[in-house]
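Student: The file below is final.csv, CSV, N, CA and C atoms and all ligand atoms:
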chain,number,residue,atom,x,y,z
A,1,MET,N,11.6,-55.1,-116.6
A,1,MET,CA,11.9,-56.2,-117.5
A,1,MET,C,13.3,-56.0,-118.1
A,2,SER,N,14.0,-57.2,-118.1
A,2,SER,CA,15.4,-57.1,-118.6
A,2,SER,C,15.4,-56.7,-120.1
A,3,GLN,N,16.4,-55.9,-120.5
A,3,GLN,CA,16.5,-55.5,-121.9
A,3,GLN,C,17.5,-56.4,-122.6
A,4,PHE,N,18.2,-57.3,-121.8
A,4,PHE,CA,19.2,-58.2,-122.3
A,4,PHE,C,18.6,-59.3,-123.2
A,5,ASP,N,19.3,-59.7,-124.3
A,5,ASP,CA,18.7,-60.7,-125.1
A,5,ASP,C,19.8,-61.7,-125.6
A,6,LEU,N,19.3,-62.8,-126.2
A,6,LEU,CA,20.3,-63.8,-126.7
A,6,LEU,C,21.2,-63.3,-127.8
A,7,ALA,N,20.6,-62.4,-128.7
A,7,ALA,CA,21.5,-61.9,-129.8
A,7,ALA,C,22.7,-61.1,-129.2
A,8,THR,N,22.4,-60.4,-128.1
A,8,THR,CA,23.5,-59.6,-127.5
A,8,THR,C,24.5,-60.6,-126.9
A,9,LEU,N,24.0,-61.6,-126.2
A,9,LEU,CA,25.0,-62.6,-125.6
A,9,LEU,C,25.7,-63.4,-126.7
A,10,GLU,N,25.1,-63.6,-127.9
A,10,GLU,CA,25.8,-64.3,-129.0
A,10,GLU,C,26.9,-63.4,-129.5
A,11,LYS,N,26.7,-62.1,-129.5
A,11,LYS,CA,27.8,-61.2,-129.9
A,11,LYS,C,29.0,-61.2,-128.9
A,12,ILE,N,28.6,-61.2,-127.6
A,12,ILE,CA,29.6,-61.2,-126.5
A,12,ILE,C,30.4,-62.5,-126.6
A,13,VAL,N,29.7,-63.6,-126.8
A,13,VAL,CA,30.4,-64.9,-127.0
A,13,VAL,C,31.4,-64.9,-128.1
A,14,ALA,N,31.0,-64.3,-129.3
A,14,ALA,CA,31.9,-64.3,-130.4
A,14,ALA,C,33.1,-63.4,-130.1
A,15,GLU,N,32.9,-62.3,-129.5
A,15,GLU,CA,34.0,-61.3,-129.2
A,15,GLU,C,34.9,-62.0,-128.2
A,16,ARG,N,34.4,-62.6,-127.1
A,16,ARG,CA,35.3,-63.2,-126.1
A,16,ARG,C,36.0,-64.4,-126.7
A,17,ALA,N,35.4,-65.1,-127.6
A,17,ALA,CA,36.0,-66.3,-128.2
A,17,ALA,C,37.3,-65.9,-128.9
A,18,ARG,N,37.2,-64.7,-129.6
A,18,ARG,CA,38.3,-64.2,-130.4
A,18,ARG,C,39.4,-63.5,-129.5
A,19,SER,N,39.0,-63.2,-128.2
A,19,SER,CA,39.9,-62.4,-127.4
A,19,SER,C,41.2,-63.1,-127.0
A,20,GLY,N,41.2,-64.4,-126.8
A,20,GLY,CA,42.4,-65.1,-126.4
A,20,GLY,C,42.7,-64.7,-124.9
A,21,ASP,N,41.8,-64.1,-124.3
A,21,ASP,CA,42.0,-63.7,-122.9
A,21,ASP,C,42.1,-64.9,-122.0
A,22,ALA,N,43.2,-65.0,-121.2
A,22,ALA,CA,43.4,-66.2,-120.4
A,22,ALA,C,42.4,-66.3,-119.3
A,23,ASN,N,41.8,-65.1,-118.9
A,23,ASN,CA,40.8,-65.1,-117.9
A,23,ASN,C,39.3,-65.4,-118.4
A,24,SER,N,39.2,-65.5,-119.7
A,24,SER,CA,37.9,-65.7,-120.3
A,24,SER,C,37.5,-67.2,-120.4
A,25,TRP,N,36.3,-67.5,-119.7
A,25,TRP,CA,35.8,-68.8,-119.8
A,25,TRP,C,35.4,-69.2,-121.2
A,26,THR,N,34.9,-68.2,-121.9
A,26,THR,CA,34.5,-68.4,-123.3
A,26,THR,C,35.7,-68.8,-124.2
A,27,ALA,N,36.8,-68.0,-124.0
A,27,ALA,CA,38.0,-68.3,-124.8
A,27,ALA,C,38.5,-69.7,-124.4
A,28,LYS,N,38.5,-70.0,-123.1
A,28,LYS,CA,39.0,-71.3,-122.7
A,28,LYS,C,38.1,-72.5,-123.3
A,29,LEU,N,36.8,-72.3,-123.3
A,29,LEU,CA,35.9,-73.3,-123.9
A,29,LEU,C,36.2,-73.5,-125.4
A,30,PHE,N,36.4,-72.4,-126.1
A,30,PHE,CA,36.6,-72.4,-127.5
A,30,PHE,C,37.9,-73.1,-127.8
A,31,SER,N,38.9,-72.9,-127.0
A,31,SER,CA,40.2,-73.6,-127.2
A,31,SER,C,40.1,-75.1,-127.0
A,32,ARG,N,39.2,-75.5,-126.2
A,32,ARG,CA,39.0,-76.9,-125.9
A,32,ARG,C,38.1,-77.6,-126.9
A,33,GLY,N,37.3,-76.8,-127.7
A,33,GLY,CA,36.6,-77.4,-128.8
A,33,GLY,C,35.2,-77.9,-128.5
A,34,THR,N,34.5,-78.4,-129.5
A,34,THR,CA,33.0,-78.7,-129.4
A,34,THR,C,32.8,-79.8,-128.4
A,35,GLY,N,33.7,-80.8,-128.3
A,35,GLY,CA,33.5,-81.9,-127.4
A,35,GLY,C,33.3,-81.5,-126.0
A,36,LYS,N,34.2,-80.6,-125.5
A,36,LYS,CA,34.2,-80.1,-124.1
A,36,LYS,C,33.0,-79.2,-123.9
A,37,ALA,N,32.8,-78.3,-124.9
A,37,ALA,CA,31.7,-77.4,-124.7
A,37,ALA,C,30.3,-78.1,-124.7
A,38,ALA,N,30.2,-79.1,-125.6
A,38,ALA,CA,29.0,-79.9,-125.6
A,38,ALA,C,28.8,-80.7,-124.3
A,39,GLN,N,29.9,-81.1,-123.7
A,39,GLN,CA,29.8,-81.8,-122.4
A,39,GLN,C,29.3,-80.9,-121.4
A,40,LYS,N,29.8,-79.6,-121.4
A,40,LYS,CA,29.3,-78.6,-120.4
A,40,LYS,C,27.8,-78.3,-120.6
A,41,LEU,N,27.5,-78.2,-121.9
A,41,LEU,CA,26.1,-78.0,-122.2
A,41,LEU,C,25.2,-79.1,-121.7
A,42,GLY,N,25.6,-80.3,-121.8
A,42,GLY,CA,24.9,-81.5,-121.3
A,42,GLY,C,24.7,-81.4,-119.8
A,43,GLU,N,25.8,-81.0,-119.1
A,43,GLU,CA,25.8,-80.9,-117.6
A,43,GLU,C,24.8,-79.8,-117.2
A,44,GLU,N,24.9,-78.7,-117.9
A,44,GLU,CA,24.0,-77.6,-117.5
A,44,GLU,C,22.5,-78.0,-117.8
A,45,ALA,N,22.3,-78.8,-118.8
A,45,ALA,CA,20.9,-79.3,-119.1
A,45,ALA,C,20.4,-80.1,-118.0
A,46,VAL,N,21.3,-81.1,-117.5
A,46,VAL,CA,20.9,-81.9,-116.4
A,46,VAL,C,20.6,-81.1,-115.2
A,47,GLU,N,21.5,-80.2,-114.9
A,47,GLU,CA,21.3,-79.3,-113.7
A,47,GLU,C,20.0,-78.5,-113.8
A,48,THR,N,19.7,-78.1,-115.0
A,48,THR,CA,18.4,-77.4,-115.2
A,48,THR,C,17.2,-78.3,-114.9
A,49,VAL,N,17.3,-79.5,-115.4
A,49,VAL,CA,16.2,-80.5,-115.1
A,49,VAL,C,16.1,-80.8,-113.6
A,50,ILE,N,17.2,-80.9,-112.9
A,50,ILE,CA,17.2,-81.2,-111.5
A,50,ILE,C,16.5,-80.0,-110.7
A,51,ALA,N,16.9,-78.8,-111.1
A,51,ALA,CA,16.3,-77.6,-110.5
A,51,ALA,C,14.8,-77.6,-110.7
A,52,ALA,N,14.4,-78.0,-111.9
A,52,ALA,CA,12.9,-78.0,-112.3
A,52,ALA,C,12.2,-79.0,-111.4
A,53,VAL,N,12.7,-80.2,-111.4
A,53,VAL,CA,11.9,-81.2,-110.7
A,53,VAL,C,12.0,-81.0,-109.2
A,54,SER,N,13.0,-80.2,-108.7
A,54,SER,CA,13.1,-79.9,-107.3
A,54,SER,C,12.3,-78.7,-106.9
A,55,HIS,N,11.7,-78.1,-108.0
A,55,HIS,CA,10.8,-76.9,-107.8
A,55,HIS,C,11.7,-75.8,-107.1
A,56,ASP,N,13.0,-75.7,-107.5
A,56,ASP,CA,13.9,-74.7,-106.9
A,56,ASP,C,13.9,-73.6,-107.9
A,57,ARG,N,13.1,-72.6,-107.7
A,57,ARG,CA,12.9,-71.5,-108.7
A,57,ARG,C,14.2,-70.7,-109.0
A,58,GLN,N,14.9,-70.3,-107.9
A,58,GLN,CA,16.1,-69.5,-108.1
A,58,GLN,C,17.2,-70.4,-108.9
A,59,GLU,N,17.3,-71.6,-108.5
A,59,GLU,CA,18.3,-72.5,-109.1
A,59,GLU,C,17.9,-72.7,-110.6
A,60,LEU,N,16.6,-72.8,-110.9
A,60,LEU,CA,16.1,-73.0,-112.2
A,60,LEU,C,16.5,-71.8,-113.1
A,61,ILE,N,16.4,-70.6,-112.5
A,61,ILE,CA,16.8,-69.4,-113.3
A,61,ILE,C,18.3,-69.4,-113.5
A,62,SER,N,19.0,-69.7,-112.5
A,62,SER,CA,20.5,-69.7,-112.6
A,62,SER,C,21.0,-70.8,-113.6
A,63,GLU,N,20.5,-72.0,-113.5
A,63,GLU,CA,20.9,-73.1,-114.4
A,63,GLU,C,20.4,-72.8,-115.8
A,64,SER,N,19.3,-72.2,-116.0
A,64,SER,CA,18.8,-71.9,-117.3
A,64,SER,C,19.7,-70.9,-118.0
A,65,ALA,N,20.2,-69.9,-117.2
A,65,ALA,CA,21.2,-68.9,-117.8
A,65,ALA,C,22.5,-69.7,-118.2
A,66,ASP,N,23.0,-70.6,-117.4
A,66,ASP,CA,24.2,-71.4,-117.7
A,66,ASP,C,23.9,-72.2,-119.0
A,67,LEU,N,22.7,-72.7,-119.1
A,67,LEU,CA,22.4,-73.6,-120.2
A,67,LEU,C,22.4,-72.8,-121.5
A,68,LEU,N,21.7,-71.6,-121.5
A,68,LEU,CA,21.6,-70.8,-122.7
A,68,LEU,C,23.0,-70.3,-123.1
A,69,TYR,N,23.8,-69.9,-122.1
A,69,TYR,CA,25.2,-69.4,-122.5
A,69,TYR,C,26.0,-70.6,-123.2
A,70,HIS,N,26.0,-71.7,-122.5
A,70,HIS,CA,26.8,-72.9,-123.1
A,70,HIS,C,26.2,-73.3,-124.4
A,71,TRP,N,24.9,-73.2,-124.6
A,71,TRP,CA,24.2,-73.5,-125.9
A,71,TRP,C,24.8,-72.6,-127.0
A,72,LEU,N,24.8,-71.3,-126.7
A,72,LEU,CA,25.3,-70.3,-127.7
A,72,LEU,C,26.8,-70.6,-128.0
A,73,VAL,N,27.6,-71.1,-127.0
A,73,VAL,CA,29.0,-71.4,-127.3
A,73,VAL,C,29.1,-72.6,-128.2
A,74,VAL,N,28.3,-73.6,-128.0
A,74,VAL,CA,28.3,-74.7,-128.9
A,74,VAL,C,27.8,-74.4,-130.3
A,75,LEU,N,26.8,-73.5,-130.4
A,75,LEU,CA,26.3,-73.1,-131.7
A,75,LEU,C,27.5,-72.4,-132.4
A,76,ALA,N,28.2,-71.5,-131.7
A,76,ALA,CA,29.2,-70.7,-132.3
A,76,ALA,C,30.4,-71.6,-132.8
A,77,LEU,N,30.7,-72.6,-132.0
A,77,LEU,CA,31.8,-73.5,-132.3
A,77,LEU,C,31.4,-74.3,-133.6
A,78,GLU,N,30.2,-74.6,-133.8
A,78,GLU,CA,29.7,-75.3,-134.9
A,78,GLU,C,29.3,-74.4,-136.1
A,79,GLY,N,29.5,-73.1,-135.9
A,79,GLY,CA,29.2,-72.2,-137.0
A,79,GLY,C,27.7,-72.1,-137.3
A,80,VAL,N,26.9,-72.3,-136.3
A,80,VAL,CA,25.4,-72.1,-136.5
A,80,VAL,C,25.0,-70.8,-135.8
A,81,SER,N,24.3,-69.9,-136.4
A,81,SER,CA,23.9,-68.7,-135.8
A,81,SER,C,22.5,-68.8,-135.1
A,82,LEU,N,22.4,-67.9,-134.1
A,82,LEU,CA,21.1,-67.9,-133.4
A,82,LEU,C,19.9,-67.6,-134.4
A,83,ASP,N,20.2,-66.8,-135.4
A,83,ASP,CA,19.2,-66.5,-136.4
A,83,ASP,C,18.7,-67.7,-137.1
A,84,GLU,N,19.6,-68.6,-137.4
A,84,GLU,CA,19.2,-69.9,-138.1
A,84,GLU,C,18.2,-70.7,-137.2
A,85,VAL,N,18.5,-70.7,-135.9
A,85,VAL,CA,17.6,-71.4,-135.0
A,85,VAL,C,16.3,-70.7,-134.9
A,86,MET,N,16.3,-69.4,-134.8
A,86,MET,CA,15.0,-68.6,-134.7
A,86,MET,C,14.2,-68.8,-136.0
A,87,ALA,N,14.9,-68.9,-137.2
A,87,ALA,CA,14.2,-69.1,-138.4
A,87,ALA,C,13.5,-70.5,-138.4
A,88,GLU,N,14.2,-71.5,-137.8
A,88,GLU,CA,13.6,-72.8,-137.7
A,88,GLU,C,12.4,-72.8,-136.8
A,89,LEU,N,12.5,-72.1,-135.7
A,89,LEU,CA,11.4,-72.0,-134.8
A,89,LEU,C,10.2,-71.2,-135.5
A,90,GLU,N,10.6,-70.1,-136.2
A,90,GLU,CA,9.6,-69.4,-136.9
A,90,GLU,C,8.8,-70.2,-137.9
A,91,SER,N,9.6,-71.0,-138.6
A,91,SER,CA,8.9,-71.9,-139.6
A,91,SER,C,7.9,-72.8,-139.0
A,92,ARG,N,8.1,-73.2,-137.8
A,92,ARG,CA,7.2,-74.1,-137.1
A,92,ARG,C,5.9,-73.4,-136.7
A,93,THR,N,6.0,-72.1,-136.5
A,93,THR,CA,4.7,-71.4,-136.1
A,93,THR,C,3.7,-71.5,-137.2
A,94,GLY,N,4.2,-71.6,-138.4
A,94,GLY,CA,3.2,-71.7,-139.6
A,94,GLY,C,2.4,-72.9,-139.5
A,95,ARG,N,2.9,-74.0,-138.9
A,95,ARG,CA,2.1,-75.3,-138.9
A,95,ARG,C,0.8,-75.1,-138.1
A,96,SER,N,0.8,-74.2,-137.1
A,96,SER,CA,-0.5,-74.1,-136.4
A,96,SER,C,-1.2,-72.8,-136.8
A,97,GLY,N,-0.5,-72.0,-137.6
A,97,GLY,CA,-1.1,-70.7,-137.9
A,97,GLY,C,-1.1,-69.7,-136.7
A,98,ILE,N,-0.4,-70.1,-135.7
A,98,ILE,CA,-0.5,-69.3,-134.5
A,98,ILE,C,0.2,-67.9,-134.6
A,99,ALA,N,1.3,-67.8,-135.5
A,99,ALA,CA,1.9,-66.5,-135.6
A,99,ALA,C,1.0,-65.6,-136.3
A,100,GLU,N,0.2,-66.1,-137.3
A,100,GLU,CA,-0.7,-65.2,-138.0
A,100,GLU,C,-1.8,-64.8,-137.1
A,101,LYS,N,-2.3,-65.7,-136.2
A,101,LYS,CA,-3.3,-65.3,-135.3
A,101,LYS,C,-2.8,-64.2,-134.3
A,102,ALA,N,-1.6,-64.4,-133.8
A,102,ALA,CA,-1.0,-63.4,-132.9
A,102,ALA,C,-0.8,-62.1,-133.6
A,103,ALA,N,-0.4,-62.1,-134.9
A,103,ALA,CA,-0.2,-60.8,-135.6
A,103,ALA,C,-1.5,-60.1,-135.8
A,104,ARG,N,-2.6,-60.9,-136.1
A,104,ARG,CA,-3.9,-60.3,-136.3
A,104,ARG,C,-4.4,-59.5,-135.0
A,105,LYS,N,-4.0,-60.0,-133.9
A,105,LYS,CA,-4.5,-59.5,-132.6
A,105,LYS,C,-3.8,-58.2,-132.3
A,106,GLU,N,-2.6,-57.9,-133.0
A,106,GLU,CA,-1.8,-56.7,-132.6
A,106,GLU,C,-2.5,-55.4,-133.2
B,1,LIG,N1,26.9,-66.1,-119.3
B,1,LIG,C1,28.1,-66.5,-119.1
B,1,LIG,C2,28.3,-67.6,-118.3
B,1,LIG,N2,27.4,-68.5,-117.7
B,1,LIG,C3,28.2,-69.4,-117.0
B,1,LIG,N3,29.5,-69.1,-117.3
B,1,LIG,C4,30.7,-69.9,-116.8
B,1,LIG,O1,30.5,-71.2,-117.0
B,1,LIG,C5,31.5,-71.9,-116.2
B,1,LIG,C6,31.0,-73.3,-116.0
B,1,LIG,O2,30.3,-73.4,-114.8
B,1,LIG,P1,30.5,-74.6,-113.8
B,1,LIG,O3,29.8,-74.4,-112.6
B,1,LIG,O4,30.3,-75.9,-114.5
B,1,LIG,O5,32.1,-74.3,-113.7
B,1,LIG,P2,33.3,-75.1,-113.2
B,1,LIG,O6,33.0,-76.0,-112.1
B,1,LIG,O7,34.4,-74.0,-113.0
B,1,LIG,O8,33.8,-75.9,-114.5
B,1,LIG,P3,34.5,-77.3,-114.7
B,1,LIG,O9,35.3,-77.5,-113.4
B,1,LIG,O10,33.4,-78.4,-114.8
B,1,LIG,O11,35.3,-77.2,-115.9
B,1,LIG,C7,31.8,-71.0,-115.0
B,1,LIG,O12,33.1,-70.7,-115.0
B,1,LIG,C8,30.9,-69.8,-115.3
B,1,LIG,O13,31.5,-68.6,-114.9
B,1,LIG,C9,29.6,-68.1,-118.0
B,1,LIG,N4,30.7,-67.4,-118.5
B,1,LIG,C10,30.4,-66.3,-119.3
B,1,LIG,N5,29.2,-65.8,-119.6
B,1,LIG,C11,29.0,-64.6,-120.4
B,1,LIG,O14,30.1,-64.4,-121.2
B,1,LIG,C12,30.7,-63.2,-121.0
B,1,LIG,C13,32.2,-63.3,-121.2
B,1,LIG,O15,32.8,-64.1,-120.2
B,1,LIG,P4,34.3,-64.5,-120.3
B,1,LIG,O16,34.5,-65.3,-121.5
B,1,LIG,O17,34.6,-65.3,-119.0
B,1,LIG,O18,35.1,-63.2,-120.3
B,1,LIG,C14,30.3,-62.8,-119.6
B,1,LIG,O19,30.3,-61.4,-119.4
B,1,LIG,C15,28.9,-63.3,-119.6
B,1,LIG,O20,28.0,-62.4,-120.2
Could you show the structure in this file as C-alpha cells?

Tutor:
Amino acid sequence: MSQFDLATLEKIVAERARSGDANSWTAKLFSRGTGKAAQKLGEEAVETVIAAVSHDRQELISESADLLYHWLVVLALEGVSLDEVMAELESRTGRSGIAEKAARKE
C-alpha cells in the first residue's frame, strides 16, 4: 500500500510554487493564476469522468491523480488548506453518526 498522501503533495505543491523553477509545472501554473489552474482542474475532472464511464481502470487512476494534483494547486492559489477541507468532511460524518460508529468498532 502506498505511503504517499495528499498532505505530502500539498507541501510539495507549496514548495514548488515558491521555487520559481522554469521547469516546474506547479510554478508555471501559479504564475498564470487561479483562472488557468481552475481551467486545468476542470479539464482533468472531465477526463476523469470519461475514464470512469469508459470503464478504463488505468486511465481512471491516472486522471484521478491529475485531478487531485490540480485541485491542490487551486486550493493553494486560493489560500485554502487541505486541513480546512478535511475538517468540512469530518463535520459531515457527524450527521450520520458514522464516525462514532467506526471509532467504537476500533
Ligand atoms: N502530481 C503532479 C502532476 N500531475 C500532473 N502534472 C502535470 O500537469 C500537466 C498538465 O497535464 P496535461 O496533460 O493537461 O498537460 P499539457 O497538455 O502539457 O498542458 P496544456 O497544453 O493543456 O497547458 C502536465 O505537465 C503534468 O506533468 C503534475 N505536475 C506535478 N505533480 C507533482 O508536483 C511535483 C512538482 O512538479 P513540478 O512543479 O513540475 O516540479 C511533482 O514531483 C509531482 O509530485

Student: May I have the residues within 7 Å of ligand LIG 1 (chain B), computed using only N, CA and C atoms and all ligand atoms, as a PyMOL selection string?

Tutor: chain A and resi 9+12-13+16-17+23-28+40+44+65-70

Student: Using DSSP assignments from the backbone, pull out every residue in chain A that falls under helix (DSSP H, G or I) and give it to me as an MDAnalysis selection string.

Tutor: chainID A and resid 6:19 25:53 57:77 82:96 98:105

Student: For Arg32 (chain A), which residue among A:Val80, A:Val74, A:Gly94, A:Val85 is the nearest when counting only C-alpha atoms?

Tutor: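 Answer, going by the shortest atom-to-atom distance: A:Val74.
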
Student: Could you jot down the CA of Glu84 (chain A) to atom C of Ser31 (chain A) separation for me, Å, one decimal place?

Tutor: 24.2 Å

Student: In Å, rounded to a single decimal, give me how far CA of Leu75 (chain A) is from atom C of Asp56 (chain A).

Tutor: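 Value for the atom C of Asp56 (chain A)-CA of Leu75 (chain A) distance: 26.8 Å.
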
Student: In Å, rounded to a single decimal, give me how far atom N of Met86 (chain A) is from atom N of Glu15 (chain A).

Tutor: 18.8 Å
